[in-house]
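This is data_2.tsv. It holds TSV, C-alpha atoms and all ligand atoms.
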```tsv
chain	number	residue	atom	x	y	z
A	1	MET	CA	8.78	-17.38	21.44
A	2	SER	CA	7.20	-15.58	18.48
A	3	SER	CA	7.75	-12.14	20.00
A	4	ILE	CA	10.77	-11.41	17.79
A	5	PRO	CA	9.47	-9.01	15.14
A	6	ALA	CA	10.05	-9.73	11.48
A	7	ILE	CA	11.45	-6.22	11.02
A	8	ASP	CA	12.60	-3.95	13.81
A	9	ALA	CA	14.03	-0.62	12.71
A	10	ASN	CA	15.15	2.01	15.14
A	11	ALA	CA	15.98	5.50	13.87
A	12	LEU	CA	17.34	3.94	10.69
A	13	THR	CA	18.99	6.61	8.59
A	14	LYS	CA	20.74	6.85	5.26
A	15	ALA	CA	22.14	10.28	4.58
A	16	TYR	CA	23.49	10.56	1.05
A	17	PRO	CA	26.15	13.22	0.51
A	18	ASN	CA	23.54	15.30	-1.35
A	19	GLY	CA	21.40	15.45	1.80
A	20	ARG	CA	18.81	13.01	0.50
A	21	GLY	CA	17.94	9.49	1.62
A	22	CYS	CA	15.84	8.75	4.71
A	23	GLN	CA	16.10	9.80	8.33
A	24	ASP	CA	15.23	8.29	11.70
A	25	VAL	CA	12.77	5.72	10.44
A	26	THR	CA	11.49	3.70	13.39
A	27	LEU	CA	9.02	0.92	12.75
A	28	THR	CA	8.26	-2.66	13.67
A	29	VAL	CA	6.61	-5.26	11.49
A	30	GLY	CA	5.28	-8.39	13.18
A	31	LYS	CA	5.68	-11.88	11.75
A	32	GLY	CA	2.99	-12.66	9.21
A	33	GLU	CA	1.96	-9.02	8.87
A	34	ALA	CA	1.57	-7.24	5.55
A	35	PHE	CA	2.98	-3.73	5.85
A	36	GLY	CA	2.47	-0.99	3.31
A	37	PHE	CA	5.11	1.68	2.85
A	38	LEU	CA	3.73	4.69	1.04
A	39	GLY	CA	5.11	8.00	-0.03
A	40	PRO	CA	5.49	10.32	-2.97
A	41	ASN	CA	8.33	9.87	-5.49
A	42	GLY	CA	11.71	10.43	-3.88
A	43	ALA	CA	10.36	10.07	-0.32
A	44	GLY	CA	13.02	7.47	0.55
A	45	LYS	CA	11.06	4.21	0.37
A	46	SER	CA	13.52	2.30	-1.80
A	47	THR	CA	16.44	3.59	0.25
A	48	PHE	CA	14.83	2.20	3.40
A	49	VAL	CA	14.16	-1.19	1.80
A	50	LYS	CA	17.68	-1.38	0.36
A	51	MET	CA	19.05	-0.95	3.88
A	52	LEU	CA	16.76	-3.67	5.23
A	53	VAL	CA	17.78	-6.18	2.58
A	54	GLY	CA	21.47	-5.38	3.11
A	55	LEU	CA	22.20	-3.70	-0.23
A	56	ILE	CA	23.33	-0.42	1.31
A	57	SER	CA	24.56	0.39	4.80
A	58	PRO	CA	22.78	2.79	7.13
A	59	THR	CA	24.66	5.90	8.16
A	60	ASP	CA	22.90	5.83	11.54
A	61	GLY	CA	20.38	3.83	13.56
A	62	GLN	CA	19.89	0.09	13.82
A	63	ALA	CA	17.57	-2.59	12.50
A	64	SER	CA	17.17	-6.33	12.64
A	65	ILE	CA	15.46	-8.96	10.51
A	66	LEU	CA	13.89	-11.71	12.60
A	67	GLY	CA	16.41	-10.81	15.29
A	68	HIS	CA	19.44	-10.91	12.96
A	69	PRO	CA	21.55	-7.84	12.14
A	70	LEU	CA	21.03	-6.19	8.77
A	71	GLY	CA	23.27	-7.56	6.05
A	72	SER	CA	24.08	-10.79	7.96
A	73	ILE	CA	23.85	-14.13	6.15
A	74	GLU	CA	21.17	-15.21	8.65
A	75	ALA	CA	19.05	-12.17	7.76
A	76	LYS	CA	19.59	-12.59	4.02
A	77	MET	CA	18.56	-16.25	4.14
A	78	LYS	CA	15.17	-15.25	5.50
A	79	ILE	CA	14.29	-12.63	2.92
A	80	GLY	CA	13.12	-12.39	-0.65
A	81	TYR	CA	13.42	-9.11	-2.54
A	82	LEU	CA	11.82	-7.80	-5.69
A	83	PRO	CA	13.67	-4.58	-6.57
A	84	GLU	CA	11.94	-1.68	-8.24
A	85	LEU	CA	14.32	-1.48	-11.17
A	86	TYR	CA	15.32	-4.93	-12.26
A	87	ARG	CA	16.82	-6.27	-15.41
A	88	TYR	CA	17.20	-9.97	-16.04
A	89	GLN	CA	19.52	-11.73	-18.44
A	90	ASP	CA	17.27	-11.56	-21.45
A	91	TRP	CA	19.16	-14.25	-23.35
A	92	LEU	CA	18.17	-16.81	-20.70
A	93	THR	CA	14.79	-18.47	-20.41
A	94	GLY	CA	12.53	-17.54	-17.49
A	95	GLU	CA	13.22	-20.90	-15.90
A	96	GLU	CA	16.99	-20.41	-16.27
A	97	VAL	CA	16.79	-17.02	-14.58
A	98	VAL	CA	14.99	-18.49	-11.58
A	99	ARG	CA	17.45	-21.40	-11.51
A	100	LEU	CA	20.36	-18.92	-11.49
A	101	HIS	CA	18.87	-17.18	-8.47
A	102	ALA	CA	18.35	-20.55	-6.78
A	103	LYS	CA	22.01	-21.42	-7.38
A	104	LEU	CA	23.12	-18.09	-5.91
A	105	CYS	CA	21.04	-19.00	-2.84
A	106	ARG	CA	22.79	-22.41	-2.80
A	107	ILE	CA	19.55	-24.32	-2.98
A	108	PRO	CA	20.12	-28.05	-3.55
A	109	LYS	CA	19.33	-29.22	-7.10
A	110	SER	CA	16.70	-31.71	-5.94
A	111	VAL	CA	14.81	-28.89	-4.16
A	112	MET	CA	15.18	-26.59	-7.20
A	113	ASP	CA	13.81	-29.22	-9.57
A	114	GLN	CA	10.68	-29.44	-7.50
A	115	ARG	CA	10.28	-25.79	-6.50
A	116	ILE	CA	10.98	-23.91	-9.74
A	117	PRO	CA	8.13	-25.36	-11.83
A	118	GLN	CA	5.78	-24.74	-8.89
A	119	LEU	CA	6.95	-21.14	-8.60
A	120	LEU	CA	6.58	-20.45	-12.31
A	121	GLN	CA	3.10	-21.89	-12.10
A	122	GLU	CA	2.27	-19.81	-9.05
A	123	VAL	CA	3.26	-16.50	-10.67
A	124	GLY	CA	1.40	-17.35	-13.85
A	125	ILE	CA	4.23	-18.02	-16.32
A	126	GLY	CA	4.20	-21.79	-16.07
A	127	LEU	CA	3.65	-22.39	-19.78
A	128	ARG	CA	6.19	-19.76	-20.88
A	129	GLY	CA	9.02	-20.79	-18.54
A	130	GLY	CA	10.98	-22.18	-21.49
A	131	ASP	CA	10.81	-18.90	-23.51
A	132	ARG	CA	13.65	-16.42	-23.50
A	133	VAL	CA	13.14	-13.41	-21.26
A	134	LYS	CA	13.60	-11.06	-24.23
A	135	HIS	CA	10.26	-12.36	-25.48
A	136	TYR	CA	8.50	-11.60	-22.19
A	137	SER	CA	6.22	-8.61	-21.73
A	138	LYS	CA	7.06	-6.20	-18.90
A	139	GLY	CA	4.33	-7.74	-16.82
A	140	MET	CA	5.76	-11.22	-17.30
A	141	GLN	CA	9.22	-9.95	-16.35
A	142	GLN	CA	7.77	-8.48	-13.18
A	143	ARG	CA	6.13	-11.80	-12.33
A	144	LEU	CA	9.42	-13.53	-13.10
A	145	GLY	CA	10.99	-11.19	-10.55
A	146	LEU	CA	8.44	-12.35	-8.03
A	147	ALA	CA	9.40	-15.99	-8.71
A	148	CYS	CA	13.08	-15.08	-8.17
A	149	ALA	CA	12.20	-13.32	-4.91
A	150	LEU	CA	10.40	-16.45	-3.70
A	151	VAL	CA	13.02	-18.96	-4.75
A	152	ASN	CA	14.61	-19.33	-1.30
A	153	ASP	CA	11.21	-19.84	0.36
A	154	PRO	CA	11.59	-16.56	2.33
A	155	GLU	CA	9.90	-15.69	5.60
A	156	ILE	CA	9.84	-11.99	4.67
A	157	LEU	CA	9.16	-10.69	1.21
A	158	PHE	CA	10.24	-7.14	0.31
A	159	LEU	CA	8.44	-5.85	-2.74
A	160	ASP	CA	9.35	-2.54	-4.30
A	161	GLU	CA	6.49	-1.56	-6.61
A	162	PRO	CA	5.59	-5.13	-7.61
A	163	SER	CA	2.68	-4.12	-9.83
A	164	SER	CA	4.06	-0.99	-11.49
A	165	ALA	CA	4.45	-2.53	-14.96
A	166	LEU	CA	1.21	-4.45	-14.88
A	167	ASP	CA	-2.13	-3.84	-16.52
A	168	PRO	CA	-5.26	-4.04	-14.31
A	169	ILE	CA	-5.64	-7.79	-14.91
A	170	GLY	CA	-1.98	-8.39	-14.09
A	171	ARG	CA	-2.31	-6.30	-10.93
A	172	MET	CA	-5.28	-8.28	-9.80
A	173	GLU	CA	-3.33	-11.52	-10.39
A	174	VAL	CA	-0.30	-10.28	-8.44
A	175	ARG	CA	-2.60	-9.14	-5.65
A	176	LYS	CA	-4.09	-12.63	-5.48
A	177	ILE	CA	-0.61	-14.18	-5.36
A	178	LEU	CA	0.37	-11.84	-2.53
A	179	GLN	CA	-2.83	-12.64	-0.68
A	180	ARG	CA	-2.03	-16.37	-0.92
A	181	LEU	CA	1.50	-15.73	0.37
A	182	LYS	CA	0.10	-13.74	3.26
A	183	GLU	CA	-2.30	-16.56	4.09
A	184	ARG	CA	0.73	-18.85	4.23
A	185	GLY	CA	2.17	-16.64	6.96
A	186	ILE	CA	4.83	-14.84	4.91
A	187	THR	CA	5.55	-11.33	6.13
A	188	ILE	CA	5.13	-8.82	3.33
A	189	PHE	CA	6.74	-5.39	3.17
A	190	LEU	CA	5.18	-3.58	0.26
A	191	ASN	CA	6.44	-0.33	-1.24
A	192	SER	CA	3.71	0.79	-3.53
A	193	HIS	CA	2.18	3.75	-5.26
A	194	LEU	CA	-0.87	1.61	-5.89
A	195	LEU	CA	-2.86	2.58	-2.88
A	196	GLU	CA	-5.52	0.03	-3.65
A	197	ASP	CA	-2.97	-2.77	-3.24
A	198	VAL	CA	-2.07	-1.44	0.19
A	199	GLU	CA	-5.72	-0.99	1.11
A	200	VAL	CA	-6.63	-4.55	0.14
A	201	LEU	CA	-3.54	-6.39	1.33
A	202	CYS	CA	-1.91	-4.56	4.21
A	203	ASP	CA	-2.66	-4.65	7.92
A	204	ARG	CA	-0.59	-1.60	8.78
A	205	MET	CA	1.13	1.13	6.86
A	206	ALA	CA	3.46	4.06	7.18
A	207	LEU	CA	3.58	7.19	5.09
A	208	LEU	CA	7.03	8.52	4.32
A	209	SER	CA	7.56	12.09	3.24
A	210	ASN	CA	10.90	13.74	2.55
A	211	GLY	CA	12.71	10.81	4.17
A	212	ALA	CA	10.77	10.76	7.45
A	213	VAL	CA	7.67	8.89	8.66
A	214	LEU	CA	4.77	11.30	8.61
A	215	ARG	CA	2.01	8.96	9.79
A	216	HIS	CA	1.67	5.28	10.60
A	217	GLY	CA	-0.95	2.93	11.92
A	218	LYS	CA	-3.47	0.22	11.10
A	219	VAL	CA	-4.92	0.56	7.63
A	220	ALA	CA	-8.45	-0.22	8.85
A	221	GLU	CA	-8.27	2.35	11.65
A	222	MET	CA	-6.88	5.07	9.45
A	223	LEU	CA	-9.61	4.54	6.91
A	224	ASN	CA	-12.42	4.13	9.42
A	225	LYS	CA	-11.50	7.39	11.07
A	226	ARG	CA	-13.44	9.21	8.45
A	227	THR	CA	-16.80	7.90	7.44
A	228	ASN	CA	-18.82	10.32	5.44
A	229	TRP	CA	-22.58	10.04	5.66
A	230	HIS	CA	-24.65	11.57	2.90
A	231	PHE	CA	-28.36	12.30	3.31
A	232	LYS	CA	-30.59	13.18	0.42
A	233	VAL	CA	-33.27	15.43	1.89
A	234	GLY	CA	-36.28	17.35	0.72
A	235	GLY	CA	-37.63	20.55	2.28
A	236	TYR	CA	-34.11	21.95	2.62
A	237	THR	CA	-33.48	25.59	3.49
A	238	PRO	CA	-30.19	27.27	4.49
A	239	PHE	CA	-31.88	28.19	7.78
A	240	LEU	CA	-32.55	24.52	8.57
A	241	LEU	CA	-28.92	23.65	7.82
A	242	SER	CA	-27.66	26.33	10.25
A	243	TRP	CA	-30.12	25.07	12.83
A	244	LEU	CA	-28.85	21.50	12.44
A	245	ASN	CA	-25.22	22.56	12.74
A	246	GLU	CA	-25.95	24.63	15.80
A	247	HIS	CA	-27.96	21.92	17.57
A	248	THR	CA	-25.75	18.95	16.75
A	249	GLY	CA	-22.29	20.49	17.05
A	250	LEU	CA	-21.44	18.65	13.83
A	251	THR	CA	-20.22	20.14	10.58
A	252	ILE	CA	-23.02	19.37	8.17
A	253	ARG	CA	-22.59	20.70	4.68
A	254	GLN	CA	-24.11	20.42	1.25
A	255	SER	CA	-22.13	17.78	-0.62
A	256	VAL	CA	-23.05	15.06	-3.07
A	257	PRO	CA	-21.55	11.59	-2.49
A	258	ALA	CA	-18.49	10.66	-4.54
A	259	ALA	CA	-19.54	9.07	-7.80
A	260	GLY	CA	-18.50	5.48	-8.42
A	261	LYS	CA	-18.49	4.73	-4.71
A	262	SER	CA	-21.08	2.78	-2.76
A	263	GLY	CA	-24.64	3.43	-3.78
A	264	TYR	CA	-24.46	6.75	-5.62
A	265	ASP	CA	-25.23	7.03	-9.27
A	266	PRO	CA	-25.46	10.64	-10.54
A	267	ALA	CA	-27.49	9.37	-13.52
A	268	GLN	CA	-30.30	8.43	-11.13
A	269	GLU	CA	-30.68	11.99	-9.86
A	270	GLY	CA	-33.96	13.57	-10.93
A	271	GLU	CA	-34.85	17.11	-12.05
A	272	SER	CA	-33.03	19.84	-10.16
A	273	ASP	CA	-35.07	21.17	-7.28
A	274	SER	CA	-33.34	23.56	-4.89
A	275	SER	CA	-35.26	22.17	-1.92
A	276	ILE	CA	-33.89	18.63	-2.55
A	277	VAL	CA	-30.20	18.46	-1.72
A	278	TRP	CA	-27.49	16.13	-0.48
A	279	LEU	CA	-26.20	16.97	3.00
A	280	ALA	CA	-23.03	15.36	4.32
A	281	ALA	CA	-21.40	14.92	7.71
A	282	GLU	CA	-18.42	12.99	9.08
A	283	LEU	CA	-19.75	10.76	11.84
A	284	ASP	CA	-17.97	8.52	14.33
A	285	HIS	CA	-20.82	6.09	14.99
A	286	GLU	CA	-23.76	4.61	13.14
A	287	GLU	CA	-26.07	5.70	15.97
A	288	GLN	CA	-25.24	9.32	15.23
A	289	ALA	CA	-26.68	8.84	11.75
A	290	GLY	CA	-29.99	7.61	13.19
A	291	TRP	CA	-30.11	10.52	15.63
A	292	LEU	CA	-29.35	13.02	12.87
A	293	ASN	CA	-32.01	11.49	10.62
A	294	GLY	CA	-34.52	11.87	13.46
A	295	LEU	CA	-33.65	15.56	13.87
A	296	MET	CA	-33.95	16.22	10.14
A	297	VAL	CA	-37.39	14.65	9.96
A	298	GLN	CA	-38.44	16.44	13.16
A	299	GLN	CA	-37.53	19.74	11.50
A	300	GLY	CA	-39.79	18.95	8.54
A	301	MET	CA	-37.26	17.57	6.07
A	302	THR	CA	-38.06	14.49	4.01
A	303	LEU	CA	-35.40	11.83	3.94
A	304	TYR	CA	-34.99	10.18	0.53
A	305	GLN	CA	-31.71	8.32	0.76
A	306	VAL	CA	-28.77	7.71	3.10
A	307	ILE	CA	-25.34	6.66	1.85
A	308	ARG	CA	-22.32	5.81	3.95
A	309	GLN	CA	-18.94	6.25	2.29
A	310	THR	CA	-15.79	5.19	4.03
A	311	GLU	CA	-12.72	7.09	3.01
A	312	ARG	CA	-10.45	5.33	0.54
A	313	LEU	CA	-6.73	5.20	1.02
A	314	GLU	CA	-6.28	7.51	-1.93
A	315	ASP	CA	-8.32	10.21	-0.18
A	316	TRP	CA	-6.36	9.62	3.01
A	317	PHE	CA	-3.03	9.84	1.18
A	318	MET	CA	-3.89	13.04	-0.66
A	319	ASP	CA	-5.16	14.55	2.57
A	320	ALA	CA	-1.98	13.57	4.46
A	321	VAL	CA	0.38	15.06	1.89
A	322	ALA	CA	-1.74	18.11	1.09
A	323	GLY	CA	0.10	21.34	1.72
A	324	LEU	CA	3.48	19.65	2.18
A	325	SER	CA	6.31	20.56	-0.09
A	326	HIS	CA	7.94	17.51	-1.62
A	327	ARG	CA	11.54	17.59	-2.53
A	328	GLY	CA	10.59	15.53	-5.59
A	329	GLU	CA	13.21	14.58	-8.11
A	330	LYS	CA	13.57	17.82	-10.06
A	331	GLU	CA	15.12	20.11	-7.48
B	1	LIG	N1	22.75	6.68	-4.41
B	1	LIG	C1	22.15	7.84	-4.20
B	1	LIG	N2	22.89	8.96	-4.06
B	1	LIG	C2	22.30	10.15	-3.83
B	1	LIG	N3	20.96	10.33	-3.68
B	1	LIG	C3	20.19	9.25	-3.81
B	1	LIG	C4	20.74	7.95	-4.08
B	1	LIG	N4	19.70	7.07	-4.14
B	1	LIG	C5	18.58	7.79	-3.93
B	1	LIG	N5	18.87	9.09	-3.72
B	1	LIG	C6	17.91	10.16	-3.42
B	1	LIG	O1	17.31	9.88	-2.16
B	1	LIG	C7	15.93	10.22	-2.20
B	1	LIG	C8	15.10	8.99	-1.89
B	1	LIG	O2	15.19	8.10	-3.01
B	1	LIG	P1	14.37	6.74	-3.05
B	1	LIG	O3	14.70	6.06	-4.33
B	1	LIG	O4	14.60	5.99	-1.80
B	1	LIG	O5	12.87	7.29	-3.06
B	1	LIG	P2	11.51	6.49	-3.30
B	1	LIG	O6	10.56	6.94	-2.24
B	1	LIG	O7	11.76	5.03	-3.41
B	1	LIG	O8	11.07	7.10	-4.70
B	1	LIG	P3	10.23	6.40	-5.90
B	1	LIG	O9	8.86	6.22	-5.39
B	1	LIG	O10	10.31	7.42	-6.96
B	1	LIG	O11	10.91	5.12	-6.23
B	1	LIG	C9	15.65	10.77	-3.58
B	1	LIG	O12	15.72	12.18	-3.48
B	1	LIG	C10	16.78	10.22	-4.43
B	1	LIG	O13	17.10	11.08	-5.50
```

So, in terms of structure tokens, how does the structure I just supplied come out?
Amino acid sequence: MSSIPAIDANALTKAYPNGRGCQDVTLTVGKGEAFGFLGPNGAGKSTFVKMLVGLISPTDGQASILGHPLGSIEAKMKIGYLPELYRYQDWLTGEEVVRLHAKLCRIPKSVMDQRIPQLLQEVGIGLRGGDRVKHYSKGMQQRLGLACALVNDPEILFLDEPSSALDPIGRMEVRKILQRLKERGITIFLNSHLLEDVEVLCDRMALLSNGAVLRHGKVAEMLNKRTNWHFKVGGYTPFLLSWLNEHTGLTIRQSVPAAGKSGYDPAQEGESDSSIVWLAAELDHEEQAGWLNGLMVQQGMTLYQVIRQTERLEDWFMDAVAGLSHRGEKE
């Protein structure tokens, strides 16, 4: 029964006359999933979303929304969309803007009267709903956009950079709202440059580069692939490091943990002593760390501290796009 995916795109393509757009994007998003769509500027993320919400037509490929063809009324009734570049009628009040969107969705007045105050409350502009939009900050306008996107009680929410205009507090608030929506079972498709949002909220993600999917998978698996272990050891010599590398088959190197991440505070480091160093290795299992510790001690090293640092999405992203040429927006 519930096997129909929320989004099913098969080789979806939009080729603009200038050769840009996006090509052959194939992906499936399950109901209730939060999916992150990442990519550098100009990668084609907004183009892809605009096709899914029925704003532009694909030049090739197919896709469906909860089993309905793109652009159909049935598909549109199931989706909410917060565009990247939005501009609301600034002479209206926030409440009037949401009401206008509700009317366009043909929502009965009795439902609107109940839903709109709730929505304004939910996005955090409850007390300012009666103010004109021209008096709203950018962050408030973005949250107003979220209320408009939710006005038809959608099953799938498409968000194109929902936090881009927000300060860190605003971002945190939007993230909490999105988390609540996810808990309610709403499918979320999130275009974002804010990798932390994707890391915290999304189950799966795809990385788009120059219009094509470069990598995709579960967020947790992609991040867990690389766990760096850092060992602070005494009695270090280059000879011992070569010995360890040779006997373990691992690539162990001198490297201090990243500052600001779990458990490492550079300010706590003592006087420099060339025999006390940080060694690092990428390990697949926790048991490997125990085994490696044992070998280090066996070889006469003293173990002072062990820190495990899982790769952040930002590291993963930079690694994935490293060395690629991006068409960017200037060429
Ligand atoms: N209507 C259009 N006609 C021609 N080219 C377009 C059109 N819309 C977008 N493009 C180009 O298609 C490419 C993809 O644009 P798109 O806006 O989808 O990228 P994006 O990944 O969303 O970028 P950003 O993160 O900067 O919003 C870009 O090179 C852009 O200049």

| said: As a quick test: using all atoms listed in the file, which residues lie no more than 12 Å away from ligand LIG 1 (chain B)? Give them as a PyMOL selection string. | reply: chain A and resi 13-23+37-51+55-57+83-85+159-162+164+190-194+207-213+326-331

| request: Compile the contact shell of segment 92-95 of chain A as an NGL selection string: residues with an atom at most 6 Å away, counting only C-alpha atoms, same-chain residues fewer than 6 positions apart removed. | output: :A and (129-133)

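Separating atom CA of Met112 of chain A from atom CA of Asn152 of chain A is a distance of 9.4 Å.
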
| Atomic separation - atom CA of Val98 of chain A relative to atom CA of Ser110 of chain A, Å | 14.5 Å

| query | Do you know which residues are at most 12 Å from Gly67 of chain A counting all atoms listed in the file, after dropping those on the same chain fewer than 6 positions away, and could you put them as a ChimeraX atom specification? | reply | /A:1-9,28-31,74-76,78

| query | Quick one: residues within 10 Å of segment 295-304 of chain A, all atoms listed in the file counted, chain neighbours fewer than 2 positions away excluded, as a PyMOL selection string? | reply | chain A and resi 231-237+240-241+243-244+247-248+275-278+289-293+306

Residues from the last selection, C-alpha atoms, saved as a PDB file, keeping the file's coordinate frame:
```
ATOM      1  CA  PHE A 231     -28.360  12.300   3.310  1.00  0.00           C
ATOM      2  CA  LYS A 232     -30.590  13.180   0.420  1.00  0.00           C
ATOM      3  CA  VAL A 233     -33.270  15.430   1.890  1.00  0.00           C
ATOM      4  CA  GLY A 234     -36.280  17.350   0.720  1.00  0.00           C
ATOM      5  CA  GLY A 235     -37.630  20.550   2.280  1.00  0.00           C
ATOM      6  CA  TYR A 236     -34.110  21.950   2.620  1.00  0.00           C
ATOM      7  CA  THR A 237     -33.480  25.590   3.490  1.00  0.00           C
ATOM      8  CA  LEU A 240     -32.550  24.520   8.570  1.00  0.00           C
ATOM      9  CA  LEU A 241     -28.920  23.650   7.820  1.00  0.00           C
ATOM     10  CA  TRP A 243     -30.120  25.070  12.830  1.00  0.00           C
ATOM     11  CA  LEU A 244     -28.850  21.500  12.440  1.00  0.00           C
ATOM     12  CA  HIS A 247     -27.960  21.920  17.570  1.00  0.00           C
ATOM     13  CA  THR A 248     -25.750  18.950  16.750  1.00  0.00           C
ATOM     14  CA  SER A 275     -35.260  22.170  -1.920  1.00  0.00           C
ATOM     15  CA  ILE A 276     -33.890  18.630  -2.550  1.00  0.00           C
ATOM     16  CA  VAL A 277     -30.200  18.460  -1.720  1.00  0.00           C
ATOM     17  CA  TRP A 278     -27.490  16.130  -0.480  1.00  0.00           C
ATOM     18  CA  ALA A 289     -26.680   8.840  11.750  1.00  0.00           C
ATOM     19  CA  GLY A 290     -29.990   7.610  13.190  1.00  0.00           C
ATOM     20  CA  TRP A 291     -30.110  10.520  15.630  1.00  0.00           C
ATOM     21  CA  LEU A 292     -29.350  13.020  12.870  1.00  0.00           C
ATOM     22  CA  ASN A 293     -32.010  11.490  10.620  1.00  0.00           C
ATOM     23  CA  VAL A 306     -28.770   7.710   3.100  1.00  0.00           C
TER      24      VAL A 306
END
```

| said: Report, in Å to a single decimal, how far apart atom CA of Ala147 of chain A and atom CA of Leu120 of chain A are. | reply: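 Separation between atom CA of Leu120 of chain A and atom CA of Ala147 of chain A: 6.4 Å.
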
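Of the residues under consideration (A:Pro69, A:Arg171, A:Gly145, A:Ile107), A:Gly145 shows the shortest atom-to-atom contact distance to Ile125 of chain A when counting all atoms listed in the file.
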
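Distances here use only C-alpha atoms; by that measure, the residue among A:Met172, A:Lys182, A:Glu287, A:Glu196 closest to Glu314 of chain A is A:Glu196.
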
Output: segment 37-55 of chain A of the preceding structure, restricted to C-alpha atoms, written as a compact mmCIF listing (two decimals), in the first residue's frame.
```
# COMPACT_ATOMS: atom_id res chain seq x y z
CA PHE A 37 19.91 17.94 -2.10
CA LEU A 38 23.36 19.47 -2.07
CA GLY A 39 25.57 21.05 -4.63
CA PRO A 40 27.64 24.11 -5.39
CA ASN A 41 26.04 27.26 -6.83
CA GLY A 42 24.63 26.65 -10.29
CA ALA A 43 24.68 22.85 -9.91
CA GLY A 44 21.02 22.59 -10.96
CA LYS A 45 19.26 22.05 -7.63
CA SER A 46 16.57 24.70 -8.09
CA THR A 47 15.98 23.57 -11.67
CA PHE A 48 15.32 20.04 -10.44
CA VAL A 49 12.92 21.21 -7.73
CA LYS A 50 11.09 23.53 -10.13
CA MET A 51 10.42 20.54 -12.38
CA LEU A 52 9.15 18.48 -9.45
CA VAL A 53 6.74 21.17 -8.30
CA GLY A 54 5.48 21.69 -11.86
CA LEU A 55 6.85 25.18 -12.47
```
